$ cat coords_0.pdb   # PDB, C-alpha atoms
ATOM      1  CA  TYR A1455       0.000   0.000   0.000
ATOM      2  CA  CYS A1456       1.054   3.608  -0.595
ATOM      3  CA  VAL A1457       1.301   6.465   1.898
ATOM      4  CA  GLY A1458       1.633  10.018   0.618
ATOM      5  CA  PHE A1459       1.036  13.571   1.503
ATOM      6  CA  ASN A1460       0.135  16.804  -0.224
ATOM      7  CA  THR A1461       1.158  20.351   0.570
ATOM      8  CA  PHE A1462      -1.387  23.124   0.227
ATOM      9  CA  LYS A1463      -0.875  26.839   0.328
ATOM     10  CA  VAL A1464      -3.832  28.684   1.882
ATOM     11  CA  ILE A1465      -4.269  32.257   0.754
ATOM     12  CA  GLU A1466      -6.718  34.266   2.816
ATOM     13  CA  SER A1467      -8.761  36.670   0.775
ATOM     14  CA  ASN A1468     -12.003  38.603   0.880
ATOM     15  CA  PRO A1469     -13.736  41.190  -1.254
ATOM     16  CA  ALA A1470     -12.692  44.708  -0.256
ATOM     17  CA  VAL A1471     -14.737  46.783   2.158
ATOM     18  CA  ILE A1472     -14.480  50.383   0.981
ATOM     19  CA  THR A1473     -16.205  53.469   2.390
ATOM     20  CA  GLN A1474     -16.154  57.184   1.635
ATOM     21  CA  ASN A1475     -13.997  57.660   4.739
ATOM     22  CA  GLY A1476     -11.252  55.613   3.074
ATOM     23  CA  ILE A1477     -11.084  57.896   0.035
ATOM     24  CA  THR A1478      -9.238  61.209  -0.276
ATOM     25  CA  VAL A1479     -10.402  63.447  -3.118
ATOM     26  CA  VAL A1480      -8.624  66.530  -4.428
ATOM     27  CA  ASP A1481     -11.063  68.349  -6.689
ATOM     28  CA  ASP A1482     -11.663  71.784  -8.195
ATOM     29  CA  SER A1483      -7.967  71.847  -9.094
ATOM     30  CA  GLU A1484      -5.662  71.680 -12.103
ATOM     31  CA  ASN A1485      -4.964  68.023 -11.203
ATOM     32  CA  ASN A1486      -8.015  66.333  -9.660
ATOM     33  CA  SER A1487      -7.026  63.129  -7.886
ATOM     34  CA  ILE A1488      -8.363  60.218  -5.838
ATOM     35  CA  MET A1489      -6.373  58.250  -3.248
ATOM     36  CA  ILE A1490      -7.804  55.058  -1.729
ATOM     37  CA  SER A1491      -6.548  54.130   1.719
ATOM     38  CA  THR A1492      -5.566  50.465   1.803
ATOM     39  CA  ASP A1493      -5.491  50.304   5.624
ATOM     40  CA  ASN A1494      -9.017  48.956   6.138
ATOM     41  CA  LEU A1495      -9.911  47.273   2.843
ATOM     42  CA  GLY A1496      -9.612  43.742   4.188
ATOM     43  CA  ILE A1497      -7.273  40.764   4.010
ATOM     44  CA  GLY A1498      -7.135  40.392   0.229
ATOM     45  CA  ASP A1499      -4.599  41.395  -2.375
ATOM     46  CA  TYR A1500      -6.303  44.260  -4.193
ATOM     47  CA  GLU A1501      -6.057  46.205  -7.430
ATOM     48  CA  PHE A1502      -7.895  49.355  -8.481
ATOM     49  CA  SER A1503      -9.746  50.714 -11.497
ATOM     50  CA  LEU A1504     -11.533  53.969 -12.226
ATOM     51  CA  ASP A1505     -14.795  53.847 -14.214
ATOM     52  CA  ASP A1506     -13.987  50.430 -15.727
ATOM     53  CA  SER A1507     -15.005  47.292 -13.839
ATOM     54  CA  TYR A1508     -13.766  44.911 -16.575
ATOM     55  CA  GLY A1509     -10.190  45.999 -17.142
ATOM     56  CA  ASN A1510      -7.489  48.598 -16.714
ATOM     57  CA  TYR A1511      -6.758  47.610 -13.129
ATOM     58  CA  GLN A1512      -3.630  48.888 -11.452
ATOM     59  CA  ASP A1513      -1.799  48.078  -8.228
ATOM     60  CA  GLU A1514      -1.543  51.705  -7.083
ATOM     61  CA  PRO A1515      -4.591  53.061  -5.205
ATOM     62  CA  TYR A1516      -4.109  56.511  -6.760
ATOM     63  CA  PHE A1517      -5.631  58.211  -9.799
ATOM     64  CA  ASP A1518      -4.870  61.692 -11.088
ATOM     65  CA  ASN A1519      -5.811  64.024 -13.943
ATOM     66  CA  ILE A1520      -9.470  63.093 -13.469
ATOM     67  CA  SER A1521     -12.236  65.149 -15.030
ATOM     68  CA  PRO A1522     -14.905  66.628 -12.738
ATOM     69  CA  GLY A1523     -18.043  64.560 -12.305
ATOM     70  CA  ILE A1524     -19.310  61.413 -10.630
ATOM     71  CA  HIS A1525     -16.873  58.497 -10.964
ATOM     72  CA  THR A1526     -16.852  54.873  -9.809
ATOM     73  CA  ILE A1527     -13.837  53.262  -8.165
ATOM     74  CA  TYR A1528     -13.604  49.471  -8.437
ATOM     75  CA  VAL A1529     -11.497  47.535  -5.940
ATOM     76  CA  GLN A1530     -10.921  43.983  -7.133
ATOM     77  CA  ASP A1531      -9.437  41.121  -5.184
ATOM     78  CA  LYS A1532      -6.630  39.551  -7.242
ATOM     79  CA  ASN A1533      -7.698  36.083  -6.042
ATOM     80  CA  SER A1534     -11.139  36.389  -7.671
ATOM     81  CA  CYS A1535     -13.029  36.964  -4.427
ATOM     82  CA  GLY A1536     -15.010  39.868  -5.815
ATOM     83  CA  ILE A1537     -15.153  43.498  -6.862
ATOM     84  CA  ALA A1538     -16.255  46.340  -4.569
ATOM     85  CA  PRO A1539     -17.518  49.483  -6.331
ATOM     86  CA  ILE A1540     -17.978  52.917  -4.771
ATOM     87  CA  GLU A1541     -18.983  56.224  -6.339
ATOM     88  CA  VAL A1542     -17.029  59.410  -5.689
ATOM     89  CA  SER A1543     -17.767  63.032  -6.485
ATOM     90  CA  LEU A1544     -15.157  65.360  -7.985
ATOM     91  CA  ILE A1545     -16.363  68.950  -7.970
ATOM     92  CA  GLY A1546     -15.419  71.162 -10.887
ATOM     93  CA  TYR A1547     -16.846  73.403 -13.529
ATOM     94  CA  LEU A1548     -16.438  74.267 -17.177
ATOM     95  CA  LYS A1549     -14.106  77.206 -17.817
ATOM     96  CA  PHE A1550     -16.414  78.315 -20.634
ATOM     97  CA  PHE A1551     -19.704  77.440 -22.288
ATOM     98  CA  THR A1552     -21.261  78.143 -25.682
ATOM     99  CA  PRO A1553     -25.070  78.396 -25.486
ATOM    100  CA  ASN A1554     -25.755  78.022 -29.217
ATOM    101  CA  ASN A1555     -28.031  74.938 -29.087
ATOM    102  CA  ASP A1556     -25.528  72.643 -30.834
ATOM    103  CA  GLY A1557     -25.802  70.088 -28.032
ATOM    104  CA  GLN A1558     -22.302  70.764 -26.669
ATOM    105  CA  ASN A1559     -21.610  73.038 -23.692
ATOM    106  CA  ASP A1560     -24.993  74.746 -24.112
ATOM    107  CA  THR A1561     -25.476  75.217 -20.365
ATOM    108  CA  TRP A1562     -23.142  75.938 -17.467
ATOM    109  CA  ASN A1563     -23.320  74.258 -14.065
ATOM    110  CA  VAL A1564     -21.088  72.913 -11.340
ATOM    111  CA  LEU A1565     -20.056  69.321 -12.178
ATOM    112  CA  GLY A1566     -19.868  66.353  -9.804
ATOM    113  CA  VAL A1567     -22.953  67.264  -7.795
ATOM    114  CA  ASN A1568     -25.924  64.970  -7.269
ATOM    115  CA  GLU A1569     -28.324  63.832  -4.540
ATOM    116  CA  ASN A1570     -26.113  60.844  -3.633
ATOM    117  CA  PHE A1571     -23.493  63.233  -2.237
ATOM    118  CA  PHE A1572     -25.271  66.509  -1.488
ATOM    119  CA  GLN A1573     -28.592  67.261   0.132
ATOM    120  CA  ARG A1574     -28.438  70.795  -1.212
ATOM    121  CA  ALA A1575     -26.388  72.677  -3.785
ATOM    122  CA  THR A1576     -27.142  76.253  -4.704
ATOM    123  CA  VAL A1577     -25.227  78.119  -7.402
ATOM    124  CA  TYR A1578     -25.371  81.891  -7.730
ATOM    125  CA  ILE A1579     -24.165  83.470 -10.987
ATOM    126  CA  PHE A1580     -23.173  87.149 -11.137
ATOM    127  CA  ASP A1581     -22.122  89.561 -13.849
ATOM    128  CA  ARG A1582     -18.851  91.511 -13.605
ATOM    129  CA  PHE A1583     -20.564  94.235 -11.561
ATOM    130  CA  GLY A1584     -21.799  91.768  -8.935
ATOM    131  CA  LYS A1585     -25.423  91.750 -10.102
ATOM    132  CA  LEU A1586     -27.134  88.420  -9.438
ATOM    133  CA  ILE A1587     -28.053  86.925 -12.817
ATOM    134  CA  THR A1588     -29.547  83.613 -11.724
ATOM    135  CA  LYS A1589     -29.725  80.996  -9.011
ATOM    136  CA  ILE A1590     -29.381  77.289  -9.903
ATOM    137  CA  GLY A1591     -30.482  74.404  -7.669
ATOM    138  CA  LEU A1592     -29.237  70.821  -7.299
ATOM    139  CA  TYR A1593     -31.551  69.382  -9.961
ATOM    140  CA  SER A1594     -31.108  72.161 -12.514
ATOM    141  CA  GLU A1595     -29.670  71.444 -15.954
ATOM    142  CA  GLY A1596     -27.674  74.660 -15.665
ATOM    143  CA  TRP A1597     -27.642  78.228 -16.888
ATOM    144  CA  ASN A1598     -28.334  78.868 -20.569
ATOM    145  CA  GLY A1599     -26.807  82.355 -20.833
ATOM    146  CA  THR A1600     -30.017  84.350 -20.567
ATOM    147  CA  PHE A1601     -31.464  86.898 -18.142
ATOM    148  CA  ASN A1602     -35.230  87.510 -18.179
ATOM    149  CA  GLY A1603     -35.412  85.699 -21.526
ATOM    150  CA  ASN A1604     -32.735  87.859 -23.178
ATOM    151  CA  TYR A1605     -29.305  86.664 -24.340
ATOM    152  CA  LEU A1606     -26.509  88.050 -22.220
ATOM    153  CA  PRO A1607     -23.264  89.203 -23.834
ATOM    154  CA  ALA A1608     -20.176  87.054 -24.321
ATOM    155  CA  THR A1609     -17.987  87.921 -21.337
ATOM    156  CA  ASP A1610     -16.841  86.502 -18.020
ATOM    157  CA  TYR A1611     -19.299  85.655 -15.255
ATOM    158  CA  TRP A1612     -18.667  84.819 -11.621
ATOM    159  CA  PHE A1613     -20.236  82.172  -9.435
ATOM    160  CA  SER A1614     -20.542  81.115  -5.828
ATOM    161  CA  VAL A1615     -21.779  77.652  -4.935
ATOM    162  CA  GLU A1616     -22.833  76.391  -1.522
ATOM    163  CA  LEU A1617     -22.712  72.614  -1.226
ATOM    164  CA  VAL A1618     -24.291  70.870   1.759
ATOM    165  CA  ASP A1619     -23.261  67.218   1.972
ATOM    166  CA  LEU A1620     -25.366  64.419   3.434
ATOM    167  CA  LYS A1621     -23.846  64.974   6.899
ATOM    168  CA  GLY A1622     -24.673  68.693   6.834
ATOM    169  CA  ASN A1623     -21.113  69.880   6.161
ATOM    170  CA  ILE A1624     -20.984  73.032   4.050
ATOM    171  CA  ARG A1625     -18.453  73.776   1.286
ATOM    172  CA  VAL A1626     -18.389  77.075  -0.550
ATOM    173  CA  LYS A1627     -16.645  77.389  -3.914
ATOM    174  CA  LYS A1628     -16.168  80.554  -5.936
ATOM    175  CA  GLY A1629     -14.782  81.222  -9.371
ATOM    176  CA  HIS A1630     -15.484  82.518 -12.840
ATOM    177  CA  PHE A1631     -16.105  81.238 -16.352
ATOM    178  CA  SER A1632     -16.641  82.641 -19.838
ATOM    179  CA  LEU A1633     -19.779  82.759 -21.916
ATOM    180  CA  ILE A1634     -18.774  82.473 -25.579
ATOM    181  CA  ARG A1635     -21.204  83.248 -28.381
ATOM    182  CA  ARG A1636     -20.494  81.439 -31.691
TER     183      ARG A1636
END

$ encode --input "coords_0.pdb" --output "structure tokens"
Amino acid sequence: YCVGFNTFKVIESNPAVITQNGITVVDDSENNSIMISTDNLGIGDYEFSLDDSYGNYQDEPYFDNISPGIHTIYVQDKNSCGIAPIEVSLIGYLKFFTPNNDGQNDTWNVLGVNENFFQRATVYIFDRFGKLITKIGLYSEGWNGTFNGNYLPATDYWFSVELVDLKGNIRVKKGHFSLIRR
């Protein structure tokens, strides 16, 4: 009769557990970035992807040069234990808009804002003299370049936005953008 033995290597692994608290976002900048803390993800060996759950995974938990908007981070266990997605918000705005009804950049609004991240977002747009032109709410499609139904001139406009997140924290952003008539 034959006596033998086998050697097995046990690799512990679990799908990642990722929360908003484990993500650092730098937005409204020249180089928007996302950093995922790996401290509390779990016991797996993880890789990371931005906006692509099927490919383009990388070992580094850092992404940069990201456009403003709502993005999805995917954390995948390298041992096929699962993928954990989480949405993140990167605040930003267009530097210009062209309200000419061509379907591109016809309205202006703050990007990266929705009800999943903010309970309230109010945007105030002013002309160069500080006159309030319009007020935009969270669910608005944006400003179309008019005041009282009349087209406003191509020039720079200023804005102030008050963002109230789901925990009641308030962020205020200010800046300017150009209205271009073509």

$ resolve_selection --input "coords_0.pdb" --expression "the PyMOL selection byres ((chain A and resi 1635) around 8)" --output "number ranges by chain"
A: 1552-1554, 1607-1608, 1633-1634, 1636

$ closest_residue --input "coords_0.pdb" --among "A:Asn1598, A:Gln1530, A:Gln1474, A:Asn1604" --to "Leu1620 (chain A)" --atoms "all atoms listed in the file"
A:Gln1474

$ resolve_selection --input "coords_0.pdb" --expression "the PyMOL selection byres ((chain A and resi 1473) around 10)" --output "VMD selection string"
chain A and resid 1470 to 1472 1474 to 1477 1490 to 1491 1494 to 1495 1538 to 1541

$ write_last_selection --input "coords_0.pdb" --atoms "C-alpha atoms" --output "CSV table (one decimal), keeping the file's coordinate frame"
chain,number,residue,atom,x,y,z
A,1470,ALA,CA,-12.7,44.7,-0.3
A,1471,VAL,CA,-14.7,46.8,2.2
A,1472,ILE,CA,-14.5,50.4,1.0
A,1474,GLN,CA,-16.2,57.2,1.6
A,1475,ASN,CA,-14.0,57.7,4.7
A,1476,GLY,CA,-11.3,55.6,3.1
A,1477,ILE,CA,-11.1,57.9,0.0
A,1490,ILE,CA,-7.8,55.1,-1.7
A,1491,SER,CA,-6.5,54.1,1.7
A,1494,ASN,CA,-9.0,49.0,6.1
A,1495,LEU,CA,-9.9,47.3,2.8
A,1538,ALA,CA,-16.3,46.3,-4.6
A,1539,PRO,CA,-17.5,49.5,-6.3
A,1540,ILE,CA,-18.0,52.9,-4.8
A,1541,GLU,CA,-19.0,56.2,-6.3

$ atom_distance --input "coords_0.pdb" --atom1 "CA of Tyr1528 (chain A)" --atom2 "CA of Asp1513 (chain A)"
11.9 Å

$ resolve_selection --input "coords_0.pdb" --expression "the PyMOL selection byres ((chain A and resi 1625) around 12)" --output "PyMOL selection string"
chain A and resi 1482+1545+1572+1574-1577+1614-1624+1626-1628

$ closest_residue --input "coords_0.pdb" --among "A:Ser1534, A:Thr1526, A:Asn1519, A:Ser1487" --to "Leu1504 (chain A)" --atoms "all atoms listed in the file"
A:Thr1526

$ decode --input "coords_0.pdb" --residues "region 1530-1602 of chain A" --atoms "C-alpha atoms" --output "CSV table (one decimal), in the first residue's frame"
chain,number,residue,atom,x,y,z
A,1530,GLN,CA,-10.9,44.0,-7.1
A,1531,ASP,CA,-9.4,41.1,-5.2
A,1532,LYS,CA,-6.6,39.6,-7.2
A,1533,ASN,CA,-7.7,36.1,-6.0
A,1534,SER,CA,-11.1,36.4,-7.7
A,1535,CYS,CA,-13.0,37.0,-4.4
A,1536,GLY,CA,-15.0,39.9,-5.8
A,1537,ILE,CA,-15.2,43.5,-6.9
A,1538,ALA,CA,-16.3,46.3,-4.6
A,1539,PRO,CA,-17.5,49.5,-6.3
A,1540,ILE,CA,-18.0,52.9,-4.8
A,1541,GLU,CA,-19.0,56.2,-6.3
A,1542,VAL,CA,-17.0,59.4,-5.7
A,1543,SER,CA,-17.8,63.0,-6.5
A,1544,LEU,CA,-15.2,65.4,-8.0
A,1545,ILE,CA,-16.4,69.0,-8.0
A,1546,GLY,CA,-15.4,71.2,-10.9
A,1547,TYR,CA,-16.8,73.4,-13.5
A,1548,LEU,CA,-16.4,74.3,-17.2
A,1549,LYS,CA,-14.1,77.2,-17.8
A,1550,PHE,CA,-16.4,78.3,-20.6
A,1551,PHE,CA,-19.7,77.4,-22.3
A,1552,THR,CA,-21.3,78.1,-25.7
A,1553,PRO,CA,-25.1,78.4,-25.5
A,1554,ASN,CA,-25.8,78.0,-29.2
A,1555,ASN,CA,-28.0,74.9,-29.1
A,1556,ASP,CA,-25.5,72.6,-30.8
A,1557,GLY,CA,-25.8,70.1,-28.0
A,1558,GLN,CA,-22.3,70.8,-26.7
A,1559,ASN,CA,-21.6,73.0,-23.7
A,1560,ASP,CA,-25.0,74.7,-24.1
A,1561,THR,CA,-25.5,75.2,-20.4
A,1562,TRP,CA,-23.1,75.9,-17.5
A,1563,ASN,CA,-23.3,74.3,-14.1
A,1564,VAL,CA,-21.1,72.9,-11.3
A,1565,LEU,CA,-20.1,69.3,-12.2
A,1566,GLY,CA,-19.9,66.4,-9.8
A,1567,VAL,CA,-23.0,67.3,-7.8
A,1568,ASN,CA,-25.9,65.0,-7.3
A,1569,GLU,CA,-28.3,63.8,-4.5
A,1570,ASN,CA,-26.1,60.8,-3.6
A,1571,PHE,CA,-23.5,63.2,-2.2
A,1572,PHE,CA,-25.3,66.5,-1.5
A,1573,GLN,CA,-28.6,67.3,0.1
A,1574,ARG,CA,-28.4,70.8,-1.2
A,1575,ALA,CA,-26.4,72.7,-3.8
A,1576,THR,CA,-27.1,76.3,-4.7
A,1577,VAL,CA,-25.2,78.1,-7.4
A,1578,TYR,CA,-25.4,81.9,-7.7
A,1579,ILE,CA,-24.2,83.5,-11.0
A,1580,PHE,CA,-23.2,87.1,-11.1
A,1581,ASP,CA,-22.1,89.6,-13.8
A,1582,ARG,CA,-18.9,91.5,-13.6
A,1583,PHE,CA,-20.6,94.2,-11.6
A,1584,GLY,CA,-21.8,91.8,-8.9
A,1585,LYS,CA,-25.4,91.7,-10.1
A,1586,LEU,CA,-27.1,88.4,-9.4
A,1587,ILE,CA,-28.1,86.9,-12.8
A,1588,THR,CA,-29.5,83.6,-11.7
A,1589,LYS,CA,-29.7,81.0,-9.0
A,1590,ILE,CA,-29.4,77.3,-9.9
A,1591,GLY,CA,-30.5,74.4,-7.7
A,1592,LEU,CA,-29.2,70.8,-7.3
A,1593,TYR,CA,-31.6,69.4,-10.0
A,1594,SER,CA,-31.1,72.2,-12.5
A,1595,GLU,CA,-29.7,71.4,-16.0
A,1596,GLY,CA,-27.7,74.7,-15.7
A,1597,TRP,CA,-27.6,78.2,-16.9
A,1598,ASN,CA,-28.3,78.9,-20.6
A,1599,GLY,CA,-26.8,82.4,-20.8
A,1600,THR,CA,-30.0,84.3,-20.6
A,1601,PHE,CA,-31.5,86.9,-18.1
A,1602,ASN,CA,-35.2,87.5,-18.2
